[in-house]
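Q: Below: one structure in structure tokens.
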Amino acid sequence: MSKKLIKGNVALAEAAVRAGCQAYFGYPITPQTELLEHMAIRMPELGRTFLQAESEVAAINMVYGAASSGVRAMTSSSGPGISLMQEGLSYIVGSEVPVVIIDVMRGGPGLGNIQPAQSDYNQLTKTAGHGDYNPIVLAPSTIQEGVDMVTLSFDLADKYRTLVFVAIDGAIGQMMEPAEMPPMQELHPRPEWAITGQGERNEKNIITSIYLGADNLGDFNDKLQAKLRAIEESEVRYEAETVDDAELIVVAFGTSGRVAKSAVHHLRKAGKKVGLLRPITLWPFPSKKLAALADGGTKKFLVVEMNMGQMLHDVRYAVGRDIDVQFFGRAGGSIPMPEEIQEKAMAMLEVN
Amino acid sequence: MSIKNIPLKLTAKSLRSDQTVRWCPGCGDYAILSQVQRVMPKLGLPKEDFVVISGIGCSSRFPYYMDTYGIHSIHGRAPTLATGLAISNPDLSVWVITGDGDALSIGGNHFIHTIRRNIDLNIILFNNRVYGLTKGQYSPTSRQGHRSKSSPMGSIEQPINPIALALAANATFIARTLDSHTKHMGGVFEEAAKHKGTSLVEVYQKCIIFNANEWGDLQDSHKRDDHIIYLEDGQPMVFGKNMDKGIRMNAQYELEVVELGDEFTEADLLVHNVKSKALALMLSSMEWPNFPAALGVIHSREAQTYTEGLELQIADAQARKGVGNLQSLYADADTWEI
């Protein structure tokens, strides 16, 4: 296989096609629309389903329906569209239907703008609908990693029968980069729990998220929590660079993660003991790794985000109150420069 | 002296904001903006009583270009914001600016419920049959087979007919006009603004970038009169450059285009009656290019507006129970000593 120069949105769409996505439903929204447009071309030519829905509310519920039939199904959108999907997200998790959503984040709140931002961190990791759950959230920082994460997202969704987000921002969605595409997967057989017609089964399959009675719903929530704890145990992913002797660790994901990486490289060249911790899974969050780093002697953490400090709270919670955790970032659609991160890190290093 | 007492002579120019108008060169939106600005001064209201509310889409940039109050709201939701506003302050002249995607796709639900409540506001629906702002995907009014970035092999879906949809929601005023026929558009806007209740004006609007030829034969001023029928209340449905064609109902209760001459005369043609919902439904089925595009006031009738109904209910309640008193409501309510 060879690398090909490809646009982020198109690459992630093609990765979904190759992962065996059989049904795509979506609604145009900048900076995500090329993803939908690629699906409009590819899905019909492979004999699969593409439908432009009348809204994001319709799209997520069409995905819910398609996934209930046991096929790999997905949608994609950006912040305002994800906000609209919240009802469907909660029902999807409540009825344990595997669904993949690609979120190409833009600036908020409200209409905000169409420039790259990381404004959906809280929405995806913590508030994606009512009830006690977290979706799995994968946050790649390059187009290649995005392709790999889309492939992984369908496997995780199927394995845990849950909701998986792949969160990139408008910069990764819109830029072009060399990437290698995975081979086309065979279509996956429909699982036992799905709505497939009775066939050999003696019992009906009913997809539902209603559990009447306190005991029933309590039992379901216990089961759901056990599943979430298993995900926390097995699925944490991150990239750590030069952290072992670091006085200061920069924590950043996605686009700010790759900018932070440049900053850390520069600082290391200048002889500064600086490391990078780049969460790849935003949920489950690499809390244990961060705690271990803090316990291991790193007393300064700099969180860099393209928002007003959403992941910041998870980092603070992980490392504890005795650690100096500071924030650098801005909402509105600007990408931090490596020099700005270096300056902030230097200022932190100078204080004893 | 209150602001309202300052004498103001409203002109089209005085309704222009300080913003540079940014639509693509050749976009039909410019003409619509200019006609709204010409019509508003004729309504006898001070500038500060106008509110322009939009959703999301190219047309939704409208409030920035009007020197009036405005809300640039949420995709598809402008009718709901307008409902809240119009009911809370019935003195305002409320204008909803929307497009075929905004009003009929994501906002389809709000569109019909606003109309059936007969809220006193004007909806100007820019129909270019394509999503312009997201750069050229098919819309709910795109024709079957329409090729676009999201329907590369042609759209499979049947389009929505906004006029028929509004009639199903019991609309009290429905009109249609064309962006390139500015005089006609201005007249229709004025009628819509004067109507009490929800007025819907569908404007056939050109998206010069993503669907430039959709209304081509209607917009060509040399050819358009053969493709358009201008509806006039009480007048027979005659059209054509030489006024030699007409619309009649045949024995199968279907509309058909006939040539006037020996076989058919004006006496055989339908006579427009804006009060008839049944006729309006038939007219809504006249889709260009199979029929001439029906422009003008398609349907208009008087009916109680939501605010009028609300005020009647309040008056009724007060007649039965007297005018309320908040203090006595607190004092008289059941209370418990704990």
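A note on labels: chains of the structure tokens are A, B, ... as shown, every chain counts residues from 1, and ligands are counted from 1 in their shown order.
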Leaving out A:Ala59 and any residue of its chain fewer than 3 positions from it, which residues lie within 9 Å of it when counting only C-alpha atoms, given as a PyMOL selection string?

A: chain A and resi 24-27+51-56+62-64+75-76+85

Q: Residues near A:Gln310, anyone? I mean within 9 Å using only C-alpha atoms, not counting same-chain ones fewer than 6 positions away, as a compact mmCIF listing (two decimals) with N, CA and C atoms, in the first residue's frame.

A:
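Saved to result.txt:
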# COMPACT_ATOMS: atom_id res chain seq x y z
N GLN A 118 -11.87 23.17 19.39
CA GLN A 118 -12.07 21.93 20.14
C GLN A 118 -13.19 22.16 21.16
N SER A 119 -14.26 22.75 20.65
CA SER A 119 -15.33 23.22 21.54
C SER A 119 -16.25 22.11 22.02
N ASP A 120 -16.13 20.92 21.47
CA ASP A 120 -17.08 19.86 21.81
C ASP A 120 -16.55 18.88 22.86
N TYR A 121 -15.39 19.17 23.47
CA TYR A 121 -14.81 18.21 24.42
C TYR A 121 -15.80 17.82 25.50
N ASN A 122 -16.38 18.83 26.15
CA ASN A 122 -17.32 18.52 27.24
C ASN A 122 -18.55 17.80 26.71

Q: Using atom CA of A:Gly170 and atom CA of A:Gly332 as the two end points, give the distance in Å to one decimal.

A: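 Atom-to-atom, atom CA of A:Gly170 to atom CA of A:Gly332, that is 12.2 Å.
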
Q: Contacts from chain B to chain A, 9 Å maximum, only C-alpha atoms: show me the residue list as a list in words.

A: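 Within 9 Å of chain A on chain B, we get Ile56, Ser73, Ile74, Gly101, Leu104, Ser105, Ile106, Gly107, Gly108, Tyr131, Leu133, Thr134, Lys135, Gln137, Tyr138, Ser139, Pro140, Lys149, Ser150, Ser151, Pro152 and Met153 of chain B.
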
Q: Find the residues around B:Val323 up to 10 Å (only C-alpha atoms counted), leave out those fewer than 6 positions away in its own chain, and share them as a ChimeraX atom specification.

A: /B:314-315,317

Q: Would you put the residues from that selection into a file with N, CA, C and O atoms, as a PDB file, in the first residue's frame?

A:
ATOM      1  N   ILE B 314     -58.476  35.867  27.055  1.00  0.00           N
ATOM      2  CA  ILE B 314     -58.195  36.668  28.255  1.00  0.00           C
ATOM      3  C   ILE B 314     -59.433  37.478  28.630  1.00  0.00           C
ATOM      4  O   ILE B 314     -59.848  37.506  29.790  1.00  0.00           O
ATOM      5  N   ALA B 315     -60.063  38.106  27.620  1.00  0.00           N
ATOM      6  CA  ALA B 315     -61.262  38.908  27.874  1.00  0.00           C
ATOM      7  C   ALA B 315     -62.370  38.034  28.447  1.00  0.00           C
ATOM      8  O   ALA B 315     -63.080  38.425  29.387  1.00  0.00           O
ATOM      9  N   ALA B 317     -62.029  35.194  30.123  1.00  0.00           N
ATOM     10  CA  ALA B 317     -61.693  34.800  31.493  1.00  0.00           C
ATOM     11  C   ALA B 317     -61.958  35.948  32.462  1.00  0.00           C
ATOM     12  O   ALA B 317     -62.471  35.750  33.569  1.00  0.00           O
TER      13      ALA B 317
END

Q: Between B:Ile124, B:Val297, B:Leu312, B:Val201, which residue has the minimum interatomic distance to B:Gly99, considering only C-alpha atoms?

A: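 That would be B:Ile124, the residue with the smallest distance to B:Gly99.
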
Q: For A:Val264, which residue out of A:Ile114, A:Met346, A:Ala318, A:Ile323 is the nearest one, using only C-alpha atoms?

A: A:Met346

Q: Would you list the contacts of stretch 283-295 of chain A as a list in words, taking every protein, DNA or RNA residue within 6 Å and counting only C-alpha atoms, but skipping same-chain residues closer than 5 positions in sequence?

A: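 Answer for this query is Thr125, Ile136, Val137, Glu232, Val236, Ala318 and Val319 of chain A.
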
Q: Considering only C-alpha atoms, return as a PyMOL selection string whatever protein or nucleic-acid residues lie within 10 Å of stretch 269-284 of chain B, sequence-local ones (same chain, fewer than 5 positions apart) excluded.

A: chain B and resi 161-168+170-175+231-238+245-250+253-258+260+264+291+293-302

Q: Please give the complete set of residues from stretch 37-270 of chain A that DSSP, run on the backbone, assigns to helix (DSSP H, G or I), formatted as a PyMOL selection string.

A: chain A and resi 37-45+56-68+79-94+121-125+143-160+170-174+214-234+254-269

Q: Mind giving me the straight-line distance from atom CA of A:Ser78 to atom CA of A:Thr255 in Å, one decimal?

A: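 About the pair atom CA of A:Ser78 and atom CA of A:Thr255: they are 15.8 Å apart.
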
Q: As a ChimeraX atom specification, please: all residues of stretch 209-259 of chain B that backbone DSSP puts in strand (DSSP E).

A: /B:228-230,238-239,245-249,255-259

Q: Store the residues picked out above, limited to N, CA, C and O atoms, as an mmCIF file, in the first residue's frame.

A:
data_model
loop_
_atom_site.group_PDB
_atom_site.id
_atom_site.type_symbol
_atom_site.label_atom_id
_atom_site.label_comp_id
_atom_site.auth_asym_id
_atom_site.auth_seq_id
_atom_site.Cartn_x
_atom_site.Cartn_y
_atom_site.Cartn_z
ATOM 1 N N ILE B 228 -45.289 32.243 -17.493
ATOM 2 C CA ILE B 228 -45.808 32.689 -16.201
ATOM 3 C C ILE B 228 -47.273 33.066 -16.344
ATOM 4 O O ILE B 228 -47.667 33.673 -17.346
ATOM 5 N N ILE B 229 -48.063 32.698 -15.365
ATOM 6 C CA ILE B 229 -49.418 33.253 -15.299
ATOM 7 C C ILE B 229 -49.490 34.151 -14.065
ATOM 8 O O ILE B 229 -49.132 33.737 -12.966
ATOM 9 N N TYR B 230 -49.888 35.398 -14.315
ATOM 10 C CA TYR B 230 -49.998 36.353 -13.214
ATOM 11 C C TYR B 230 -51.423 36.288 -12.690
ATOM 12 O O TYR B 230 -52.365 36.660 -13.400
ATOM 13 N N VAL B 238 -55.766 33.973 -17.842
ATOM 14 C CA VAL B 238 -55.209 34.137 -19.188
ATOM 15 C C VAL B 238 -53.726 34.433 -19.033
ATOM 16 O O VAL B 238 -53.320 35.119 -18.097
ATOM 17 N N PHE B 239 -52.912 33.900 -19.964
ATOM 18 C CA PHE B 239 -51.490 34.236 -19.900
ATOM 19 C C PHE B 239 -50.870 34.165 -21.288
ATOM 20 O O PHE B 239 -51.533 33.843 -22.280
ATOM 21 N N LYS B 245 -53.366 32.294 -24.216
ATOM 22 C CA LYS B 245 -53.447 30.982 -23.573
ATOM 23 C C LYS B 245 -54.178 31.137 -22.242
ATOM 24 O O LYS B 245 -54.253 32.239 -21.686
ATOM 25 N N GLY B 246 -54.692 30.018 -21.760
ATOM 26 C CA GLY B 246 -55.399 30.099 -20.485
ATOM 27 C C GLY B 246 -55.402 28.768 -19.764
ATOM 28 O O GLY B 246 -54.912 27.754 -20.277
ATOM 29 N N ILE B 247 -55.919 28.795 -18.526
ATOM 30 C CA ILE B 247 -56.003 27.591 -17.697
ATOM 31 C C ILE B 247 -57.484 27.265 -17.502
ATOM 32 O O ILE B 247 -58.277 28.124 -17.121
ATOM 33 N N ARG B 248 -57.841 26.018 -17.782
ATOM 34 C CA ARG B 248 -59.211 25.602 -17.523
ATOM 35 C C ARG B 248 -59.187 24.290 -16.746
ATOM 36 O O ARG B 248 -58.147 23.622 -16.651
ATOM 37 N N MET B 249 -60.354 23.938 -16.179
ATOM 38 C CA MET B 249 -60.471 22.638 -15.531
ATOM 39 C C MET B 249 -61.185 21.712 -16.492
ATOM 40 O O MET B 249 -62.253 22.062 -17.001
ATOM 41 N N LEU B 255 -56.397 20.542 -14.064
ATOM 42 C CA LEU B 255 -56.113 21.780 -14.775
ATOM 43 C C LEU B 255 -55.421 21.451 -16.091
ATOM 44 O O LEU B 255 -54.659 20.492 -16.180
ATOM 45 N N GLU B 256 -55.712 22.247 -17.110
ATOM 46 C CA GLU B 256 -54.958 22.096 -18.352
ATOM 47 C C GLU B 256 -54.794 23.448 -19.029
ATOM 48 O O GLU B 256 -55.585 24.373 -18.830
ATOM 49 N N VAL B 257 -53.706 23.526 -19.800
ATOM 50 C CA VAL B 257 -53.420 24.747 -20.548
ATOM 51 C C VAL B 257 -54.124 24.648 -21.895
ATOM 52 O O VAL B 257 -54.034 23.615 -22.566
ATOM 53 N N VAL B 258 -54.863 25.687 -22.260
ATOM 54 C CA VAL B 258 -55.535 25.684 -23.576
ATOM 55 C C VAL B 258 -55.155 26.947 -24.346
ATOM 56 O O VAL B 258 -54.805 27.978 -23.758
ATOM 57 N N GLU B 259 -55.212 26.823 -25.685
ATOM 58 C CA GLU B 259 -55.012 27.994 -26.559
ATOM 59 C C GLU B 259 -56.374 28.641 -26.744
ATOM 60 O O GLU B 259 -57.372 27.943 -26.979
#

Q: Counting only C-alpha atoms, figure out which residue out of B:His227, B:Asn242, B:Trp336, B:Glu202 gets nearest to B:Pro289.

A: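 Looking only at the distances to B:Pro289, the closest residue turns out to be B:His227.
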
Q: Leaving out A:Val147 and any residue of its chain fewer than 3 positions from it, which residues lie within 8 Å of it when counting only C-alpha atoms, given as a PDB file with all heavy atoms, in the first residue's frame?

A:
ATOM      1  N   ALA A  11     -10.656  11.437   3.668  1.00  0.00           N
ATOM      2  CA  ALA A  11      -9.913  10.274   4.168  1.00  0.00           C
ATOM      3  C   ALA A  11     -10.717   9.538   5.236  1.00  0.00           C
ATOM      4  O   ALA A  11     -10.800   8.304   5.228  1.00  0.00           O
ATOM      5  CB  ALA A  11      -8.570  10.729   4.742  1.00  0.00           C
ATOM      6  N   LEU A  12     -11.337  10.289   6.140  1.00  0.00           N
ATOM      7  CA  LEU A  12     -12.096   9.641   7.215  1.00  0.00           C
ATOM      8  C   LEU A  12     -13.344   8.955   6.656  1.00  0.00           C
ATOM      9  O   LEU A  12     -13.733   7.881   7.111  1.00  0.00           O
ATOM     10  CB  LEU A  12     -12.461  10.656   8.315  1.00  0.00           C
ATOM     11  CG  LEU A  12     -11.428  10.732   9.465  1.00  0.00           C
ATOM     12  CD1 LEU A  12     -10.065  11.187   8.987  1.00  0.00           C
ATOM     13  CD2 LEU A  12     -11.927  11.575  10.617  1.00  0.00           C
ATOM     14  N   ALA A  15     -12.188   5.812   5.001  1.00  0.00           N
ATOM     15  CA  ALA A  15     -11.829   4.820   6.030  1.00  0.00           C
ATOM     16  C   ALA A  15     -13.086   4.132   6.549  1.00  0.00           C
ATOM     17  O   ALA A  15     -13.085   2.921   6.810  1.00  0.00           O
ATOM     18  CB  ALA A  15     -11.076   5.498   7.171  1.00  0.00           C
ATOM     19  N   ILE A 143      -4.145  13.098   9.800  1.00  0.00           N
ATOM     20  CA  ILE A 143      -5.126  12.430   8.940  1.00  0.00           C
ATOM     21  C   ILE A 143      -4.918  10.917   8.986  1.00  0.00           C
ATOM     22  O   ILE A 143      -5.879  10.151   9.055  1.00  0.00           O
ATOM     23  CB  ILE A 143      -5.058  12.996   7.503  1.00  0.00           C
ATOM     24  CG1 ILE A 143      -5.530  14.464   7.530  1.00  0.00           C
ATOM     25  CG2 ILE A 143      -5.898  12.161   6.552  1.00  0.00           C
ATOM     26  CD1 ILE A 143      -5.463  15.178   6.214  1.00  0.00           C
ATOM     27  N   GLN A 144      -3.652  10.490   9.007  1.00  0.00           N
ATOM     28  CA  GLN A 144      -3.391   9.045   9.088  1.00  0.00           C
ATOM     29  C   GLN A 144      -3.988   8.459  10.360  1.00  0.00           C
ATOM     30  O   GLN A 144      -4.641   7.414  10.338  1.00  0.00           O
ATOM     31  CB  GLN A 144      -1.875   8.766   9.040  1.00  0.00           C
ATOM     32  CG  GLN A 144      -1.525   7.283   9.071  1.00  0.00           C
ATOM     33  CD  GLN A 144      -2.024   6.567   7.829  1.00  0.00           C
ATOM     34  OE1 GLN A 144      -1.619   6.878   6.716  1.00  0.00           O
ATOM     35  NE2 GLN A 144      -2.953   5.619   8.001  1.00  0.00           N
ATOM     36  N   VAL A 150     -10.880   5.736  12.743  1.00  0.00           N
ATOM     37  CA  VAL A 150     -12.200   5.408  12.189  1.00  0.00           C
ATOM     38  C   VAL A 150     -12.345   3.887  12.095  1.00  0.00           C
ATOM     39  O   VAL A 150     -13.373   3.316  12.458  1.00  0.00           O
ATOM     40  CB  VAL A 150     -12.419   6.079  10.817  1.00  0.00           C
ATOM     41  CG1 VAL A 150     -13.636   5.496  10.115  1.00  0.00           C
ATOM     42  CG2 VAL A 150     -12.587   7.592  10.999  1.00  0.00           C
ATOM     43  N   THR A 151     -11.271   3.233  11.629  1.00  0.00           N
ATOM     44  CA  THR A 151     -11.285   1.770  11.565  1.00  0.00           C
ATOM     45  C   THR A 151     -11.528   1.190  12.954  1.00  0.00           C
ATOM     46  O   THR A 151     -12.390   0.330  13.150  1.00  0.00           O
ATOM     47  CB  THR A 151      -9.923   1.248  11.022  1.00  0.00           C
ATOM     48  OG1 THR A 151      -9.607   1.994   9.849  1.00  0.00           O
ATOM     49  CG2 THR A 151      -9.983  -0.225  10.702  1.00  0.00           C
ATOM     50  N   ALA A 179      -1.644   9.989   3.467  1.00  0.00           N
ATOM     51  CA  ALA A 179      -2.170   8.948   4.359  1.00  0.00           C
ATOM     52  C   ALA A 179      -2.317   7.657   3.583  1.00  0.00           C
ATOM     53  O   ALA A 179      -2.556   7.660   2.380  1.00  0.00           O
ATOM     54  CB  ALA A 179      -3.511   9.367   4.945  1.00  0.00           C
ATOM     55  N   MET A 181      -4.430   4.229   3.148  1.00  0.00           N
ATOM     56  CA  MET A 181      -5.762   3.704   3.436  1.00  0.00           C
ATOM     57  C   MET A 181      -5.687   2.221   3.788  1.00  0.00           C
ATOM     58  O   MET A 181      -4.907   1.479   3.189  1.00  0.00           O
ATOM     59  CB  MET A 181      -6.664   3.882   2.215  1.00  0.00           C
ATOM     60  CG  MET A 181      -7.171   5.282   2.060  1.00  0.00           C
ATOM     61  SD  MET A 181      -8.258   5.686   3.441  1.00  0.00           S
ATOM     62  CE  MET A 181      -8.042   7.443   3.447  1.00  0.00           C
ATOM     63  N   PRO A 182      -6.506   1.778   4.724  1.00  0.00           N
ATOM     64  CA  PRO A 182      -6.535   0.346   5.036  1.00  0.00           C
ATOM     65  C   PRO A 182      -7.221  -0.415   3.897  1.00  0.00           C
ATOM     66  O   PRO A 182      -7.929   0.195   3.089  1.00  0.00           O
ATOM     67  CB  PRO A 182      -7.383   0.286   6.305  1.00  0.00           C
ATOM     68  CG  PRO A 182      -8.267   1.487   6.225  1.00  0.00           C
ATOM     69  CD  PRO A 182      -7.497   2.539   5.491  1.00  0.00           C
TER      70      PRO A 182
END

Q: Go ahead and compute the interatomic distance for atom CA of A:Asp322 and atom CA of A:Asn134, in Å to one decimal.

A: 27.7 Å

Q: Given the choices B:Glu190, B:Asp29, B:Asp67, B:Glu337, which gets closest to B:Gly44 if the distance is worked out from only C-alpha atoms?

A: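 Selected residue with least distance to B:Gly44: B:Glu190.
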
Q: Can you pull out the residues contacting B:Asp217? Cut-off 12 Å, using only C-alpha atoms, and skip same-chain residues under 5 positions away; I want them as a list of chain:residue names.

A: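 Once the nearby chain positions are removed, what remains is B:Leu178, B:Ser180, B:Tyr204, B:Lys206, B:Ala212, B:His222, B:Lys223, B:Arg224, B:Asp225, B:Asp226, B:His227, B:Ile228, B:Trp288, B:Pro289, B:Pro292, B:Ala293.
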
Q: Store the residues picked out above in a file with N, CA, C and O atoms, as an mmCIF file, in the first residue's frame.

A:
data_model
loop_
_atom_site.group_PDB
_atom_site.id
_atom_site.type_symbol
_atom_site.label_atom_id
_atom_site.label_comp_id
_atom_site.auth_asym_id
_atom_site.auth_seq_id
_atom_site.Cartn_x
_atom_site.Cartn_y
_atom_site.Cartn_z
ATOM 1 N N LEU B 178 -41.113 36.154 -8.128
ATOM 2 C CA LEU B 178 -39.873 35.786 -8.814
ATOM 3 C C LEU B 178 -38.841 36.880 -8.572
ATOM 4 O O LEU B 178 -39.149 38.068 -8.726
ATOM 5 N N SER B 180 -36.358 38.023 -10.240
ATOM 6 C CA SER B 180 -35.963 38.915 -11.330
ATOM 7 C C SER B 180 -37.102 39.846 -11.754
ATOM 8 O O SER B 180 -36.892 40.754 -12.541
ATOM 9 N N TYR B 204 -39.225 32.477 -6.101
ATOM 10 C CA TYR B 204 -38.328 31.686 -6.940
ATOM 11 C C TYR B 204 -37.035 32.489 -7.074
ATOM 12 O O TYR B 204 -37.033 33.569 -7.667
ATOM 13 N N LYS B 206 -32.780 32.767 -7.725
ATOM 14 C CA LYS B 206 -31.677 32.166 -8.469
ATOM 15 C C LYS B 206 -30.437 32.014 -7.605
ATOM 16 O O LYS B 206 -29.934 32.986 -7.041
ATOM 17 N N ALA B 212 -28.005 27.574 -11.277
ATOM 18 C CA ALA B 212 -28.258 28.824 -11.996
ATOM 19 C C ALA B 212 -29.418 28.739 -12.980
ATOM 20 O O ALA B 212 -30.084 29.729 -13.245
ATOM 21 N N HIS B 222 -37.533 38.335 -21.952
ATOM 22 C CA HIS B 222 -38.134 38.249 -23.288
ATOM 23 C C HIS B 222 -39.095 37.064 -23.395
ATOM 24 O O HIS B 222 -40.078 37.114 -24.110
ATOM 25 N N LYS B 223 -38.771 35.998 -22.678
ATOM 26 C CA LYS B 223 -39.551 34.767 -22.820
ATOM 27 C C LYS B 223 -40.541 34.549 -21.680
ATOM 28 O O LYS B 223 -41.454 33.743 -21.782
ATOM 29 N N ARG B 224 -40.339 35.249 -20.554
ATOM 30 C CA ARG B 224 -41.000 34.823 -19.327
ATOM 31 C C ARG B 224 -42.523 34.866 -19.409
ATOM 32 O O ARG B 224 -43.203 34.046 -18.779
ATOM 33 N N ASP B 225 -43.096 35.810 -20.191
ATOM 34 C CA ASP B 225 -44.545 35.937 -20.184
ATOM 35 C C ASP B 225 -45.258 34.714 -20.753
ATOM 36 O O ASP B 225 -46.429 34.486 -20.482
ATOM 37 N N ASP B 226 -44.534 33.901 -21.539
ATOM 38 C CA ASP B 226 -45.143 32.660 -22.022
ATOM 39 C C ASP B 226 -45.064 31.539 -20.984
ATOM 40 O O ASP B 226 -45.656 30.476 -21.165
ATOM 41 N N HIS B 227 -44.290 31.763 -19.931
ATOM 42 C CA HIS B 227 -44.089 30.710 -18.927
ATOM 43 C C HIS B 227 -44.702 31.048 -17.584
ATOM 44 O O HIS B 227 -44.594 30.269 -16.643
ATOM 45 N N ILE B 228 -45.289 32.243 -17.493
ATOM 46 C CA ILE B 228 -45.808 32.689 -16.201
ATOM 47 C C ILE B 228 -47.273 33.066 -16.344
ATOM 48 O O ILE B 228 -47.667 33.673 -17.346
ATOM 49 N N TRP B 288 -44.139 24.515 -12.824
ATOM 50 C CA TRP B 288 -43.356 24.778 -14.005
ATOM 51 C C TRP B 288 -42.260 23.703 -14.117
ATOM 52 O O TRP B 288 -41.751 23.290 -13.089
ATOM 53 N N PRO B 289 -41.934 23.137 -15.271
ATOM 54 C CA PRO B 289 -42.295 23.566 -16.627
ATOM 55 C C PRO B 289 -43.536 22.880 -17.224
ATOM 56 O O PRO B 289 -43.867 23.177 -18.377
ATOM 57 N N PRO B 292 -47.493 26.820 -16.676
ATOM 58 C CA PRO B 292 -46.869 28.109 -16.393
ATOM 59 C C PRO B 292 -46.749 28.270 -14.877
ATOM 60 O O PRO B 292 -47.565 27.719 -14.138
ATOM 61 N N ALA B 293 -45.736 28.954 -14.431
ATOM 62 C CA ALA B 293 -45.588 29.210 -12.993
ATOM 63 C C ALA B 293 -46.653 30.212 -12.575
ATOM 64 O O ALA B 293 -46.790 31.260 -13.195
#
